[in-house]
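Have a look at work.pdb; it's PDB, C-alpha atoms:
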```
ATOM      1  CA  MET A  41       0.000   0.000   0.000
ATOM      2  CA  ALA A  42       1.467   3.345  -1.048
ATOM      3  CA  GLU A  43       1.475   6.427   1.158
ATOM      4  CA  SER A  44       0.405   9.538  -0.751
ATOM      5  CA  THR A  45       1.045  13.011   0.651
ATOM      6  CA  HIS A  46       1.566  16.327  -1.095
ATOM      7  CA  PHE A  47       5.189  17.197  -1.725
ATOM      8  CA  SER A  48       5.219  20.753  -0.362
ATOM      9  CA  ASP A  49       8.889  21.646  -0.939
ATOM     10  CA  THR A  50      10.046  23.421  -4.084
ATOM     11  CA  PHE A  51       9.488  20.841  -6.798
ATOM     12  CA  PHE A  52      12.277  20.987  -9.341
ATOM     13  CA  LYS A  53      14.182  24.075 -10.307
ATOM     14  CA  HIS A  54      14.346  23.568 -14.067
ATOM     15  CA  LYS A  55      11.004  22.193 -15.253
ATOM     16  CA  ASN A  56      12.094  22.513 -18.862
ATOM     17  CA  LYS A  57      14.311  19.402 -18.748
ATOM     18  CA  VAL A  58      13.665  15.851 -17.548
ATOM     19  CA  GLN A  59      16.189  13.011 -17.792
ATOM     20  CA  ILE A  60      14.765   9.521 -18.365
ATOM     21  CA  VAL A  61      17.180   6.684 -17.634
ATOM     22  CA  TYR A  62      15.951   3.185 -18.353
ATOM     23  CA  PHE A  63      16.961  -0.441 -18.578
ATOM     24  CA  SER A  64      14.693  -2.724 -20.546
ATOM     25  CA  GLY A  65      16.234  -6.012 -21.651
ATOM     26  CA  THR A  66      13.165  -7.415 -23.430
ATOM     27  CA  GLY A  67      11.535  -4.165 -24.621
ATOM     28  CA  GLY A  68       8.668  -3.549 -22.196
ATOM     29  CA  ALA A  69      10.393  -0.887 -20.118
ATOM     30  CA  ALA A  70      11.714   0.730 -23.317
ATOM     31  CA  ARG A  71       8.111   1.146 -24.489
ATOM     32  CA  VAL A  72       7.231   2.714 -21.139
ATOM     33  CA  ALA A  73      10.206   5.084 -21.397
ATOM     34  CA  LEU A  74       9.137   6.087 -24.904
ATOM     35  CA  SER A  75       5.631   6.846 -23.634
ATOM     36  CA  PHE A  76       7.029   9.010 -20.816
ATOM     37  CA  GLU A  77       9.201  10.872 -23.332
ATOM     38  CA  LYS A  78       6.272  11.476 -25.691
ATOM     39  CA  ILE A  79       3.906  12.799 -23.026
ATOM     40  CA  PHE A  80       6.506  14.998 -21.297
ATOM     41  CA  THR A  81       7.360  16.463 -24.722
ATOM     42  CA  GLU A  82       3.689  17.107 -25.484
ATOM     43  CA  LYS A  83       3.536  19.089 -22.234
ATOM     44  CA  GLY A  84       6.385  21.305 -23.438
ATOM     45  CA  ILE A  85       9.102  19.732 -21.294
ATOM     46  CA  GLU A  86      12.488  18.893 -22.806
ATOM     47  CA  VAL A  87      13.505  15.263 -22.347
ATOM     48  CA  VAL A  88      16.918  13.612 -22.328
ATOM     49  CA  LYS A  89      16.465   9.827 -22.674
ATOM     50  CA  ILE A  90      19.369   7.496 -21.897
ATOM     51  CA  PRO A  91      19.230   3.683 -22.143
ATOM     52  CA  LEU A  92      21.333   1.411 -19.946
ATOM     53  CA  ASP A  93      20.947  -1.455 -22.456
ATOM     54  CA  VAL A  94      24.085  -2.107 -24.484
ATOM     55  CA  GLN A  95      22.013  -2.997 -27.561
ATOM     56  CA  GLU A  96      19.952   0.224 -27.482
ATOM     57  CA  ALA A  97      20.750   3.208 -29.706
ATOM     58  CA  GLY A  98      22.124   6.016 -27.569
ATOM     59  CA  TYR A  99      23.837   3.697 -25.092
ATOM     60  CA  GLN A 100      26.793   5.266 -23.298
ATOM     61  CA  GLN A 101      29.493   3.446 -21.370
ATOM     62  CA  THR A 102      29.170   5.831 -18.406
ATOM     63  CA  PRO A 103      25.906   7.791 -18.778
ATOM     64  CA  ALA A 104      25.807  10.844 -16.530
ATOM     65  CA  ILE A 105      23.201  13.267 -15.225
ATOM     66  CA  GLU A 106      22.795  16.077 -17.769
ATOM     67  CA  ASN A 107      23.298  19.703 -16.741
ATOM     68  CA  PHE A 108      20.167  21.696 -15.856
ATOM     69  CA  VAL A 109      18.057  18.565 -15.356
ATOM     70  CA  GLY A 110      15.296  19.257 -12.834
ATOM     71  CA  LEU A 111      13.881  15.754 -12.574
ATOM     72  CA  LEU A 112      15.237  12.240 -12.978
ATOM     73  CA  VAL A 113      12.881   9.433 -14.044
ATOM     74  CA  LEU A 114      14.315   5.934 -13.582
ATOM     75  CA  ILE A 115      12.495   3.066 -15.336
ATOM     76  CA  PHE A 116      13.271  -0.650 -15.132
ATOM     77  CA  PRO A 117      11.630  -4.091 -15.273
ATOM     78  CA  VAL A 118      11.417  -6.260 -12.165
ATOM     79  CA  HIS A 119      14.252  -8.825 -12.132
ATOM     80  CA  ALA A 120      14.165 -11.415  -9.322
ATOM     81  CA  PHE A 121      11.925  -9.137  -7.197
ATOM     82  CA  ASP A 122      14.387  -6.238  -7.593
ATOM     83  CA  ALA A 123      15.890  -3.735 -10.019
ATOM     84  CA  PRO A 124      18.300  -5.225 -12.599
ATOM     85  CA  ALA A 125      22.051  -5.127 -11.931
ATOM     86  CA  PRO A 126      22.766  -2.409 -14.593
ATOM     87  CA  VAL A 127      20.503  -0.015 -12.664
ATOM     88  CA  TYR A 128      22.546  -0.443  -9.473
ATOM     89  CA  GLU A 129      25.794  -0.155 -11.431
ATOM     90  CA  TRP A 130      24.603   3.120 -12.950
ATOM     91  CA  ILE A 131      23.542   4.555  -9.571
ATOM     92  CA  THR A 132      26.961   3.641  -8.147
ATOM     93  CA  GLY A 133      28.693   5.668 -10.848
ATOM     94  CA  ILE A 134      26.628   8.876 -10.814
ATOM     95  CA  PRO A 135      27.649  11.982  -8.831
ATOM     96  CA  GLU A 136      26.017  13.212  -5.640
ATOM     97  CA  GLY A 137      22.402  14.174  -6.227
ATOM     98  CA  LYS A 138      22.216  17.402  -4.167
ATOM     99  CA  GLY A 139      18.505  16.808  -3.597
ATOM    100  CA  LEU A 140      17.586  16.203  -7.254
ATOM    101  CA  PRO A 141      13.954  14.906  -7.331
ATOM    102  CA  CYS A 142      13.493  11.407  -8.749
ATOM    103  CA  ALA A 143      10.584   9.267  -9.902
ATOM    104  CA  VAL A 144      11.222   5.506  -9.847
ATOM    105  CA  ILE A 145       9.007   3.469 -12.179
ATOM    106  CA  SER A 146       9.069  -0.328 -12.145
ATOM    107  CA  VAL A 147       7.539  -2.455 -14.893
ATOM    108  CA  SER A 148       6.210  -5.999 -14.522
ATOM    109  CA  GLY A 149       3.619  -8.448 -15.775
ATOM    110  CA  GLY A 150       2.439  -9.213 -12.246
ATOM    111  CA  GLY A 151       1.814  -5.704 -10.980
ATOM    112  CA  GLU A 152       2.057  -4.351  -7.444
ATOM    113  CA  ARG A 153       1.696  -7.619  -5.562
ATOM    114  CA  TRP A 154       3.965  -9.802  -3.448
ATOM    115  CA  PRO A 155       6.794 -10.560  -4.080
ATOM    116  CA  ASN A 156       7.154  -7.502  -6.364
ATOM    117  CA  THR A 157       6.198  -5.052  -3.610
ATOM    118  CA  GLY A 158       9.819  -4.437  -2.560
ATOM    119  CA  CYS A 159      11.292  -4.238  -6.066
ATOM    120  CA  ARG A 160      12.062  -0.499  -5.882
ATOM    121  CA  ALA A 161      13.240  -0.357  -2.253
ATOM    122  CA  GLY A 162      16.896  -1.195  -2.902
ATOM    123  CA  CYS A 163      17.578   1.296  -5.678
ATOM    124  CA  ILE A 164      15.569   4.001  -3.879
ATOM    125  CA  GLU A 165      17.774   3.494  -0.822
ATOM    126  CA  CYS A 166      20.873   3.755  -3.018
ATOM    127  CA  LEU A 167      19.591   6.980  -4.566
ATOM    128  CA  GLU A 168      18.873   8.439  -1.128
ATOM    129  CA  ASN A 169      22.361   7.478   0.074
ATOM    130  CA  LYS A 170      23.787   9.481  -2.848
ATOM    131  CA  GLY A 171      21.754  12.569  -1.981
ATOM    132  CA  TYR A 172      18.854  12.196  -4.434
ATOM    133  CA  ASN A 173      15.213  12.750  -3.517
ATOM    134  CA  PRO A 174      13.087   9.832  -4.806
ATOM    135  CA  PHE A 175       9.707  11.309  -3.885
ATOM    136  CA  TYR A 176       7.601   9.262  -6.318
ATOM    137  CA  GLU A 177       7.352   5.567  -7.161
ATOM    138  CA  ARG A 178       4.913   3.556  -9.219
ATOM    139  CA  MET A 179       4.472   0.114 -10.788
ATOM    140  CA  LEU A 180       3.217  -0.080 -14.368
ATOM    141  CA  VAL A 181       1.863  -3.363 -15.720
ATOM    142  CA  MET A 182       2.977  -4.531 -19.140
ATOM    143  CA  PRO A 183       2.336  -7.826 -20.952
ATOM    144  CA  SER A 184       4.463 -10.613 -19.510
ATOM    145  CA  ASN A 185       7.048 -12.050 -21.896
ATOM    146  CA  ILE A 186       8.904 -14.319 -19.472
ATOM    147  CA  PHE A 187       7.828 -17.797 -18.307
ATOM    148  CA  ILE A 188       4.103 -17.290 -19.017
ATOM    149  CA  ALA A 189       2.983 -15.015 -21.848
ATOM    150  CA  THR A 190       0.006 -12.696 -21.310
ATOM    151  CA  LYS A 191      -3.045 -13.687 -23.331
ATOM    152  CA  GLU A 192      -3.226 -11.698 -26.559
ATOM    153  CA  GLN A 193      -6.476  -9.854 -25.810
ATOM    154  CA  LEU A 194      -5.246  -8.724 -22.379
ATOM    155  CA  ALA A 195      -1.856  -7.756 -23.814
ATOM    156  CA  VAL A 196      -3.553  -5.514 -26.394
ATOM    157  CA  GLN A 197      -5.616  -3.818 -23.673
ATOM    158  CA  LEU A 198      -2.548  -3.228 -21.485
ATOM    159  CA  LEU A 199      -0.746  -1.572 -24.378
ATOM    160  CA  LYS A 200      -3.775   0.570 -25.212
ATOM    161  CA  ILE A 201      -4.118   1.966 -21.685
ATOM    162  CA  LEU A 202      -0.366   2.465 -21.147
ATOM    163  CA  PRO A 203      -0.373   6.115 -22.351
ATOM    164  CA  LEU A 204      -3.257   6.901 -19.963
ATOM    165  CA  LYS A 205      -1.383   5.373 -17.013
ATOM    166  CA  VAL A 206       1.798   7.211 -17.950
ATOM    167  CA  GLU A 207      -0.039  10.517 -18.277
ATOM    168  CA  LEU A 208      -1.601  10.001 -14.840
ATOM    169  CA  SER A 209       1.859   9.413 -13.356
ATOM    170  CA  ILE A 210       3.285  12.477 -15.103
ATOM    171  CA  ASP A 211       0.433  14.665 -13.880
ATOM    172  CA  GLU A 212       1.074  13.456 -10.318
ATOM    173  CA  ILE A 213       4.811  14.045 -10.674
ATOM    174  CA  LEU A 214       4.412  17.555 -12.087
ATOM    175  CA  SER A 215       1.913  18.497  -9.392
ATOM    176  CA  GLY A 216       4.465  17.467  -6.762
ATOM    177  CA  VAL A 217       2.487  14.592  -5.259
ATOM    178  CA  ARG A 218       4.647  12.423  -3.012
ATOM    179  CA  ILE A 219       3.960   8.698  -3.388
ATOM    180  CA  ARG A 220       6.195   6.262  -1.542
ATOM    181  CA  SER A 221       5.516   2.640  -0.609
ATOM    182  CA  LYS A 222       6.183   1.116   2.774
ATOM    183  CA  LYS A 223       9.079  -1.311   2.679
ATOM    184  CA  PRO A 224       7.637  -4.834   3.130
ATOM    185  CA  LEU A 225       8.915  -6.987   5.990
ATOM    186  CA  SER A 226      10.113  -9.569   3.486
ATOM    187  CA  ALA A 227      12.244  -7.029   1.584
ATOM    188  CA  ASN A 228      15.554  -8.005   3.224
ATOM    189  CA  ILE A 229      15.018 -11.711   2.484
ATOM    190  CA  LEU A 230      14.075 -10.973  -1.127
ATOM    191  CA  ALA A 231      17.056  -8.613  -1.455
ATOM    192  CA  ALA A 232      19.413 -11.403  -0.365
ATOM    193  CA  PHE A 233      17.871 -13.721  -2.957
ATOM    194  CA  SER A 234      18.191 -11.035  -5.627
ATOM    195  CA  LYS A 235      21.880 -10.436  -4.864
ATOM    196  CA  MET A 236      22.540 -14.156  -5.208
ATOM    197  CA  GLU A 237      20.618 -14.240  -8.502
ATOM    198  CA  LYS A 238      22.635 -11.319  -9.893
ATOM    199  CA  ARG A 239      25.930 -12.965  -8.918
ATOM    200  CA  LYS A 240      24.928 -16.337 -10.384
ATOM    201  CA  ALA A 241      23.653 -14.664 -13.575
ATOM    202  CA  LYS A 242      27.088 -13.090 -14.161
ATOM    203  CA  GLU A 243      28.798 -16.429 -13.538
ATOM    204  CA  PHE A 244      26.409 -18.111 -15.970
ATOM    205  CA  GLY A 245      27.135 -15.433 -18.567
ATOM    206  CA  ARG A 246      30.902 -15.928 -18.273
ATOM    207  CA  ASP A 247      30.489 -19.699 -18.516
ATOM    208  CA  PHE A 248      28.266 -19.279 -21.574
ATOM    209  CA  GLU A 249      30.804 -17.022 -23.296
ATOM    210  CA  GLY A 250      33.542 -19.567 -22.655
ATOM    211  CA  ALA A 251      31.521 -22.504 -24.001
TER     212      ALA A 251
END
```

As structure tokens, what does this structure read like?
Amino acid sequence: MAESTHFSDTFFKHKNKVQIVYFSGTGGAARVALSFEKIFTEKGIEVVKIPLDVQEAGYQQTPAIENFVGLLVLIFPVHAFDAPAPVYEWITGIPEGKGLPCAVISVSGGGERWPNTGCRAGCIECLENKGYNPFYERMLVMPSNIFIATKEQLAVQLLKILPLKVELSIDEILSGVRIRSKKPLSANILAAFSKMEKRKAKEFGRDFEGA
């Protein structure tokens, strides 16, 4: 259950520029990022969009926070109940945030239900430790393309309503609404599992390359 209170501090100093940083992997989060870019642009706000996927056009080895950015939007799919490893690696490499407001958007086929409920907690904590202000978080549901595919009719409906959900989130963000979820009691256990999964995934990748 998310806690929603109005964010009464000065929102962001330079509303004319938003930086969207995203990791996708299979394309769902990339579609969400594109929708955020389109709707922000329609509202007259300049957008800088940077992918963390090596295969995406515009990928940079060490993507940084652009000058004069007033808001950071971080978008990623849920991997093993958590943010993917490239998201944490990127956060580790960025400079101190100096209070820069952030919106953290997770994407999944299962939605905001256990065990996904703690999927943003780790990267939000990392952002806070680096001086950023993640005042807004939200889960967006996209068609599942891993393990069990979403039925075609439902998948079409999810894609149709995506722009409406994104616009709702953007309106909340621009109005300064603070939405943060309570960290679930199981978050630490799930975080330990996720760390193990990330380590094993890298080992599997190295073994695969050497095969």

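As for CA of Ser146 in chain A and CA of Thr102 in chain A, they are spaced 21.9 Å apart.
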
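Residues in contact range of Arg178 in chain A, defined as at most 10 Å between only C-alpha atoms, with sequence neighbours fewer than 3 positions away removed, read Ala42, Ile115, Ala143, Val144, Ile145, Ser146, Val147, Gly151, Glu152, Arg160, Val181, Val206, Ser209, Ile219, Arg220 and Ser221 of chain A.
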
Taking every listed atom of range 86-99 of chain A and adding 5 Å to each side, what centre and edge lengths in Å (one decimal) does the axis-aligned box have, as JSON?
```
{"center_x": 18.3, "center_y": 7.9, "center_z": -24.8, "size_x": 21.6, "size_y": 31.9, "size_z": 19.8}
```

Spatial neighbours of Phe80 in chain A, 10 Å, only C-alpha atoms, chain gap at least 2 places, as an mmCIF file with C-alpha atoms, keeping the file's coordinate frame:
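So the final result, stored in part.cif, reads:
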```
data_model
loop_
_atom_site.group_PDB
_atom_site.id
_atom_site.type_symbol
_atom_site.label_atom_id
_atom_site.label_comp_id
_atom_site.auth_asym_id
_atom_site.auth_seq_id
_atom_site.Cartn_x
_atom_site.Cartn_y
_atom_site.Cartn_z
ATOM 1 C CA ASN A 56 12.094 22.513 -18.862
ATOM 2 C CA LYS A 57 14.311 19.402 -18.748
ATOM 3 C CA VAL A 58 13.665 15.851 -17.548
ATOM 4 C CA LEU A 74 9.137 6.087 -24.904
ATOM 5 C CA SER A 75 5.631 6.846 -23.634
ATOM 6 C CA PHE A 76 7.029 9.010 -20.816
ATOM 7 C CA GLU A 77 9.201 10.872 -23.332
ATOM 8 C CA LYS A 78 6.272 11.476 -25.691
ATOM 9 C CA GLU A 82 3.689 17.107 -25.484
ATOM 10 C CA LYS A 83 3.536 19.089 -22.234
ATOM 11 C CA GLY A 84 6.385 21.305 -23.438
ATOM 12 C CA ILE A 85 9.102 19.732 -21.294
ATOM 13 C CA GLU A 86 12.488 18.893 -22.806
ATOM 14 C CA VAL A 87 13.505 15.263 -22.347
ATOM 15 C CA VAL A 206 1.798 7.211 -17.950
ATOM 16 C CA GLU A 207 -0.039 10.517 -18.277
ATOM 17 C CA ILE A 210 3.285 12.477 -15.103
ATOM 18 C CA ASP A 211 0.433 14.665 -13.880
ATOM 19 C CA LEU A 214 4.412 17.555 -12.087
#
```

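Here the question is which of A:Thr157, A:Gln197, A:Asn173, A:Gln59 gets nearest to Val109 in chain A using only C-alpha atoms, and that residue is A:Gln59.
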
Would you translate the PyMOL selection byres ((chain A and resi 138-141) around 12) into the concrete set of residues it matches in this file, as an mmCIF file with C-alpha atoms, in the coordinates of the input?
```cif
data_model
loop_
_atom_site.group_PDB
_atom_site.id
_atom_site.type_symbol
_atom_site.label_atom_id
_atom_site.label_comp_id
_atom_site.auth_asym_id
_atom_site.auth_seq_id
_atom_site.Cartn_x
_atom_site.Cartn_y
_atom_site.Cartn_z
ATOM 1 C CA PHE A 47 5.189 17.197 -1.725
ATOM 2 C CA ASP A 49 8.889 21.646 -0.939
ATOM 3 C CA THR A 50 10.046 23.421 -4.084
ATOM 4 C CA PHE A 51 9.488 20.841 -6.798
ATOM 5 C CA PHE A 52 12.277 20.987 -9.341
ATOM 6 C CA LYS A 53 14.182 24.075 -10.307
ATOM 7 C CA HIS A 54 14.346 23.568 -14.067
ATOM 8 C CA LYS A 55 11.004 22.193 -15.253
ATOM 9 C CA VAL A 58 13.665 15.851 -17.548
ATOM 10 C CA GLN A 59 16.189 13.011 -17.792
ATOM 11 C CA ILE A 105 23.201 13.267 -15.225
ATOM 12 C CA GLU A 106 22.795 16.077 -17.769
ATOM 13 C CA ASN A 107 23.298 19.703 -16.741
ATOM 14 C CA PHE A 108 20.167 21.696 -15.856
ATOM 15 C CA VAL A 109 18.057 18.565 -15.356
ATOM 16 C CA GLY A 110 15.296 19.257 -12.834
ATOM 17 C CA LEU A 111 13.881 15.754 -12.574
ATOM 18 C CA LEU A 112 15.237 12.240 -12.978
ATOM 19 C CA VAL A 113 12.881 9.433 -14.044
ATOM 20 C CA LEU A 114 14.315 5.934 -13.582
ATOM 21 C CA ILE A 134 26.628 8.876 -10.814
ATOM 22 C CA PRO A 135 27.649 11.982 -8.831
ATOM 23 C CA GLU A 136 26.017 13.212 -5.640
ATOM 24 C CA GLY A 137 22.402 14.174 -6.227
ATOM 25 C CA CYS A 142 13.493 11.407 -8.749
ATOM 26 C CA ALA A 143 10.584 9.267 -9.902
ATOM 27 C CA VAL A 144 11.222 5.506 -9.847
ATOM 28 C CA ILE A 164 15.569 4.001 -3.879
ATOM 29 C CA LEU A 167 19.591 6.980 -4.566
ATOM 30 C CA GLU A 168 18.873 8.439 -1.128
ATOM 31 C CA ASN A 169 22.361 7.478 0.074
ATOM 32 C CA LYS A 170 23.787 9.481 -2.848
ATOM 33 C CA GLY A 171 21.754 12.569 -1.981
ATOM 34 C CA TYR A 172 18.854 12.196 -4.434
ATOM 35 C CA ASN A 173 15.213 12.750 -3.517
ATOM 36 C CA PRO A 174 13.087 9.832 -4.806
ATOM 37 C CA PHE A 175 9.707 11.309 -3.885
ATOM 38 C CA TYR A 176 7.601 9.262 -6.318
ATOM 39 C CA GLU A 177 7.352 5.567 -7.161
ATOM 40 C CA ILE A 213 4.811 14.045 -10.674
ATOM 41 C CA LEU A 214 4.412 17.555 -12.087
ATOM 42 C CA GLY A 216 4.465 17.467 -6.762
ATOM 43 C CA VAL A 217 2.487 14.592 -5.259
ATOM 44 C CA ARG A 218 4.647 12.423 -3.012
#
```

Which value, in Å to one decimal, gives the distance between CA of Gly162 in chain A and CA of Ile201 in chain A?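 These atoms are spaced 28.4 Å apart.
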
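Going from CA of Ala97 in chain A to CA of Asp122 in chain A covers 24.9 Å.
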
Residue among A:Cys159, A:Ser215, A:Tyr62, A:Ala73 lying closest to Trp130 in chain A, counting only C-alpha atoms: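 Ranking A:Cys159, A:Ser215, A:Tyr62, A:Ala73 by distance to Trp130 in chain A, first place goes to A:Tyr62.
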
Top pick for closest residue to Gly133 in chain A, considering A:Gly149, A:Gly158, A:Pro103, A:Gly65 and counting only C-alpha atoms: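 Under the stated criterion, the closest residue is A:Pro103.
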
Point out the residue among A:Cys166, A:Val88, A:Val61, A:Ala69 with the least atom-to-atom distance to Met182 in chain A, counting only C-alpha atoms. A:Ala69

Taking all atoms listed in the file into account, name the residue in A:Gln101, A:Ala161, A:Gln95, A:Phe63 that is nearest to Lys222 in chain A.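 The answer is A:Ala161, which sits nearest to Lys222 in chain A.
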
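The shortest atom-to-atom distance to Gly68 in chain A, with only C-alpha atoms taken into account, belongs to A:Ser148 out of A:Ser148, A:Gln100, A:Thr132, A:Thr81.
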